[in-house]
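Undergrad: PDB, C-alpha atoms, file query-v7.pdb:
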ATOM      1  CA  GLU L1160      29.684   5.586 -10.088  1.00  0.00           C
ATOM      2  CA  MET L1161      30.185   6.583  -6.463  1.00  0.00           C
ATOM      3  CA  ALA L1162      29.024   9.880  -5.006  1.00  0.00           C
ATOM      4  CA  ASN L1163      31.752  12.514  -4.683  1.00  0.00           C
ATOM      5  CA  THR L1164      30.328  15.343  -2.633  1.00  0.00           C
ATOM      6  CA  THR L1165      29.441  15.084   1.036  1.00  0.00           C
ATOM      7  CA  SER L1166      25.832  16.007   0.318  1.00  0.00           C
ATOM      8  CA  ALA L1167      25.581  13.332  -2.381  1.00  0.00           C
ATOM      9  CA  LYS L1168      26.964  10.734   0.051  1.00  0.00           C
ATOM     10  CA  LYS L1169      24.420  11.778   2.657  1.00  0.00           C
ATOM     11  CA  ALA L1170      21.634  11.634   0.067  1.00  0.00           C
ATOM     12  CA  THR L1171      22.700   8.077  -0.787  1.00  0.00           C
ATOM     13  CA  ARG L1172      22.516   7.073   2.886  1.00  0.00           C
ATOM     14  CA  LYS L1173      19.075   8.685   3.253  1.00  0.00           C
ATOM     15  CA  ILE L1174      17.771   6.928   0.139  1.00  0.00           C
ATOM     16  CA  ALA L1175      19.019   3.575   1.452  1.00  0.00           C
ATOM     17  CA  ARG L1176      17.257   4.086   4.806  1.00  0.00           C
ATOM     18  CA  ARG L1177      14.068   5.267   3.099  1.00  0.00           C
ATOM     19  CA  THR L1178      14.097   2.263   0.750  1.00  0.00           C
ATOM     20  CA  VAL L1179      14.099  -0.157   3.685  1.00  0.00           C
ATOM     21  CA  VAL L1180      11.135   1.648   5.283  1.00  0.00           C
ATOM     22  CA  ASN L1181       9.222   1.880   2.005  1.00  0.00           C
ATOM     23  CA  LYS L1182       9.759  -1.818   1.235  1.00  0.00           C
ATOM     24  CA  ALA L1183       8.364  -2.752   4.640  1.00  0.00           C
ATOM     25  CA  ARG L1184       5.351  -0.497   4.103  1.00  0.00           C
ATOM     26  CA  ARG L1185       4.745  -1.847   0.603  1.00  0.00           C
ATOM     27  CA  THR L1186       4.907  -5.441   1.880  1.00  0.00           C
ATOM     28  CA  LYS L1187       2.422  -4.653   4.651  1.00  0.00           C
ATOM     29  CA  LEU L1188       0.137  -2.962   2.126  1.00  0.00           C
ATOM     30  CA  ARG L1189       0.226  -5.857  -0.324  1.00  0.00           C
ATOM     31  CA  SER L1190      -0.484  -8.377   2.436  1.00  0.00           C
ATOM     32  CA  ALA L1191      -3.493  -6.364   3.580  1.00  0.00           C
ATOM     33  CA  VAL L1192      -4.884  -6.088   0.044  1.00  0.00           C
ATOM     34  CA  ARG L1193      -4.212  -9.781  -0.612  1.00  0.00           C
ATOM     35  CA  SER L1194      -6.176 -10.801   2.491  1.00  0.00           C
ATOM     36  CA  VAL L1195      -9.179  -8.789   1.223  1.00  0.00           C
ATOM     37  CA  GLU L1196      -8.921 -10.345  -2.248  1.00  0.00           C
ATOM     38  CA  GLU L1197      -8.726 -13.858  -0.805  1.00  0.00           C
ATOM     39  CA  ALA L1198     -11.777 -13.246   1.391  1.00  0.00           C
ATOM     40  CA  ILE L1199     -13.679 -11.972  -1.657  1.00  0.00           C
ATOM     41  CA  LYS L1200     -12.603 -15.007  -3.690  1.00  0.00           C
ATOM     42  CA  SER L1201     -13.801 -17.366  -0.949  1.00  0.00           C
ATOM     43  CA  GLY L1202     -17.133 -15.526  -0.933  1.00  0.00           C
ATOM     44  CA  ASP L1203     -16.940 -14.690   2.788  1.00  0.00           C
ATOM     45  CA  ARG L1204     -18.448 -11.221   3.055  1.00  0.00           C
ATOM     46  CA  ALA L1205     -17.825 -10.762   6.794  1.00  0.00           C
ATOM     47  CA  ALA L1206     -14.166 -11.724   6.496  1.00  0.00           C
ATOM     48  CA  ALA L1207     -13.779  -9.472   3.453  1.00  0.00           C
ATOM     49  CA  ALA L1208     -15.297  -6.512   5.309  1.00  0.00           C
ATOM     50  CA  THR L1209     -13.025  -7.118   8.313  1.00  0.00           C
ATOM     51  CA  ALA L1210      -9.960  -7.388   6.071  1.00  0.00           C
ATOM     52  CA  MET L1211     -11.043  -4.231   4.252  1.00  0.00           C
ATOM     53  CA  LYS L1212     -11.177  -2.353   7.573  1.00  0.00           C
ATOM     54  CA  ARG L1213      -7.486  -3.183   7.930  1.00  0.00           C
ATOM     55  CA  ALA L1214      -6.523  -2.623   4.284  1.00  0.00           C
ATOM     56  CA  GLU L1215      -8.125   0.765   3.680  1.00  0.00           C
ATOM     57  CA  PRO L1216      -6.021   2.685   6.246  1.00  0.00           C
ATOM     58  CA  GLU L1217      -2.926   0.877   4.935  1.00  0.00           C
ATOM     59  CA  LEU L1218      -3.718   2.023   1.395  1.00  0.00           C
ATOM     60  CA  MET L1219      -4.329   5.609   2.474  1.00  0.00           C
ATOM     61  CA  LYS L1220      -1.180   5.679   4.596  1.00  0.00           C
ATOM     62  CA  ALA L1221       0.842   4.369   1.646  1.00  0.00           C
ATOM     63  CA  ALA L1222      -0.621   7.120  -0.531  1.00  0.00           C
ATOM     64  CA  GLN L1223       0.260   9.782   2.057  1.00  0.00           C
ATOM     65  CA  HIS L1224       3.836   8.504   2.144  1.00  0.00           C
ATOM     66  CA  ASN L1225       4.039   8.494  -1.674  1.00  0.00           C
ATOM     67  CA  ILE L1226       4.551   4.729  -1.804  1.00  0.00           C
ATOM     68  CA  ILE L1227       1.622   4.510  -4.194  1.00  0.00           C
ATOM     69  CA  HIS L1228      -0.196   7.325  -5.963  1.00  0.00           C
ATOM     70  CA  ARG L1229      -3.253   8.827  -4.288  1.00  0.00           C
ATOM     71  CA  ASN L1230      -5.487   7.905  -7.234  1.00  0.00           C
ATOM     72  CA  ASN L1231      -4.140   4.353  -7.205  1.00  0.00           C
ATOM     73  CA  ALA L1232      -5.080   3.996  -3.528  1.00  0.00           C
ATOM     74  CA  ASN L1233      -8.540   5.470  -4.115  1.00  0.00           C
ATOM     75  CA  ARG L1234      -9.111   3.192  -7.096  1.00  0.00           C
ATOM     76  CA  LYS L1235      -8.108   0.083  -5.137  1.00  0.00           C
ATOM     77  CA  VAL L1236     -10.378   1.013  -2.210  1.00  0.00           C
ATOM     78  CA  SER L1237     -13.253   1.716  -4.584  1.00  0.00           C
ATOM     79  CA  ARG L1238     -12.886  -1.548  -6.512  1.00  0.00           C
ATOM     80  CA  LEU L1239     -12.487  -3.713  -3.424  1.00  0.00           C
ATOM     81  CA  THR L1240     -15.457  -2.059  -1.707  1.00  0.00           C
ATOM     82  CA  HIS L1241     -17.554  -2.610  -4.829  1.00  0.00           C
ATOM     83  CA  GLN L1242     -16.590  -6.298  -4.945  1.00  0.00           C
ATOM     84  CA  ILE L1243     -17.471  -6.724  -1.267  1.00  0.00           C
ATOM     85  CA  ALA L1244     -20.840  -5.045  -1.847  1.00  0.00           C
ATOM     86  CA  LYS L1245     -21.514  -7.473  -4.718  1.00  0.00           C
ATOM     87  CA  LEU L1246     -20.948 -10.431  -2.352  1.00  0.00           C
ATOM     88  CA  GLY L1247     -23.995  -9.453  -0.317  1.00  0.00           C
ATOM     89  CA  LYS L1248     -26.345  -9.707  -3.303  1.00  0.00           C
TER      90      LYS L1248
END
Mind turning the file's structure into structure tokens?
TA:
Amino acid sequence: EMANTTSAKKATRKIARRTVVNKARRTKLRSAVRSVEEAIKSGDRAAAATAMKRAEPELMKAAQHNIIHRNNANRKVSRLTHQIAKLGK
């Protein structure tokens, strides 16, 4: 059902704007993480490390903006870093 009050209408507009921004951020985040995962899969440690340099700030930024949970971001960074470290051995 449609919003009745002025404040509810404004809230709806704000949510719609926020959703667009959050979707863009989430897409950027997923792309960054995917590039790291692909580099790991190909076994290219240098490429993985470079991709990780780009992905880690994206993950942390997403956590700060509540797009993903802080622990989720930390867990992803930790796991990816561990996988990259394993490539060197």
Undergrad: When you look at Asp1203 (chain L) with a cut-off of 12 Å (counting all atoms listed in the file), what residues show up, excluding the ones that are within fewer than 3 positions of it in the same chain? I need them as a list in words.
TA: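 After dropping sequence-adjacent residues, the list is Ser1194, Val1195, Glu1196, Glu1197, Ala1198, Ile1199, Lys1200, Ala1206, Ala1207, Ala1208, Thr1209, Ala1210, Gln1242, Ile1243, Ala1244, Lys1245, Leu1246 and Gly1247 of chain L.
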Undergrad: If I take CA of Ser1190 (chain L) and CA of Arg1172 (chain L), how far is one from the other in Å, to one decimal?
TA: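 Calculated distance between CA of Ser1190 (chain L) and CA of Arg1172 (chain L) is 27.7 Å.
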Undergrad: Have a look at CA of Arg1234 (chain L) and CA of Met1219 (chain L) and let me know their distance in Å, one decimal.
TA: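 Atom-to-atom, CA of Arg1234 (chain L) and CA of Met1219 (chain L) are spaced 11.0 Å apart.
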Undergrad: If we count only C-alpha atoms and set the cut-off at 10 Å, which residues sit around region 1173-1183 of chain L, ignoring sequence neighbours fewer than 5 positions away in its own chain? Please answer as a PyMOL selection string.
TA: chain L and resi 1167-1168+1188+1221+1224-1226
Undergrad: Could you check the closest approach to Val1192 (chain L) for each of L:Lys1248, L:His1228, L:Lys1169, L:Lys1235 and tell me which residue wins, using all atoms listed in the file?
TA: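 Of L:Lys1248, L:His1228, L:Lys1169, L:Lys1235, the one nearest Val1192 (chain L), counting all atoms listed in the file, is L:Lys1235.
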Undergrad: Of the candidates L:Thr1171, L:Ala1205, L:Ala1222, L:Glu1217, which shows the shortest atom-to-atom distance to Ala1191 (chain L), using only C-alpha atoms?
TA: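 Using only C-alpha atoms, Ala1191 (chain L) sits closest to L:Glu1217.
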Undergrad: Edge lengths and centre in Å to one decimal, as lines of an AutoDock Vina configuration file, is what I'm after for the box along x, y and z that holds all listed atoms of region 1212-1226 of chain L once 5 Å is added on each side.
TA:
center_x = -3.3
center_y = 3.3
center_z = 3.1
size_x = 25.7
size_y = 23.0
size_z = 19.7
Undergrad: Between CA of Arg1184 (chain L) and CA of Arg1213 (chain L), measure the distance and give it in Å to one decimal.
TA: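 CA of Arg1213 (chain L) lies 13.7 Å from CA of Arg1184 (chain L).
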Undergrad: When distances are computed from all atoms listed in the file, which of L:Pro1216, L:Ile1227, L:Met1161, L:Met1211 shows the smallest separation from Leu1239 (chain L)?
TA: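 Among L:Pro1216, L:Ile1227, L:Met1161, L:Met1211, it is L:Met1211 that comes nearest to Leu1239 (chain L).
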Undergrad: I'd like to know which of L:Ala1170, L:Leu1218, L:Thr1186, L:Ser1201 is closest to Asn1230 (chain L), using only C-alpha atoms.
TA: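 The answer is L:Leu1218, which sits nearest to Asn1230 (chain L).
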Undergrad: When distances are computed from all atoms listed in the file, which of L:Lys1212, L:Arg1193, L:Arg1204, L:Lys1220 shows the smallest separation from Ala1232 (chain L)?
TA: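 Closest to Ala1232 (chain L) of all the choices is L:Lys1220.
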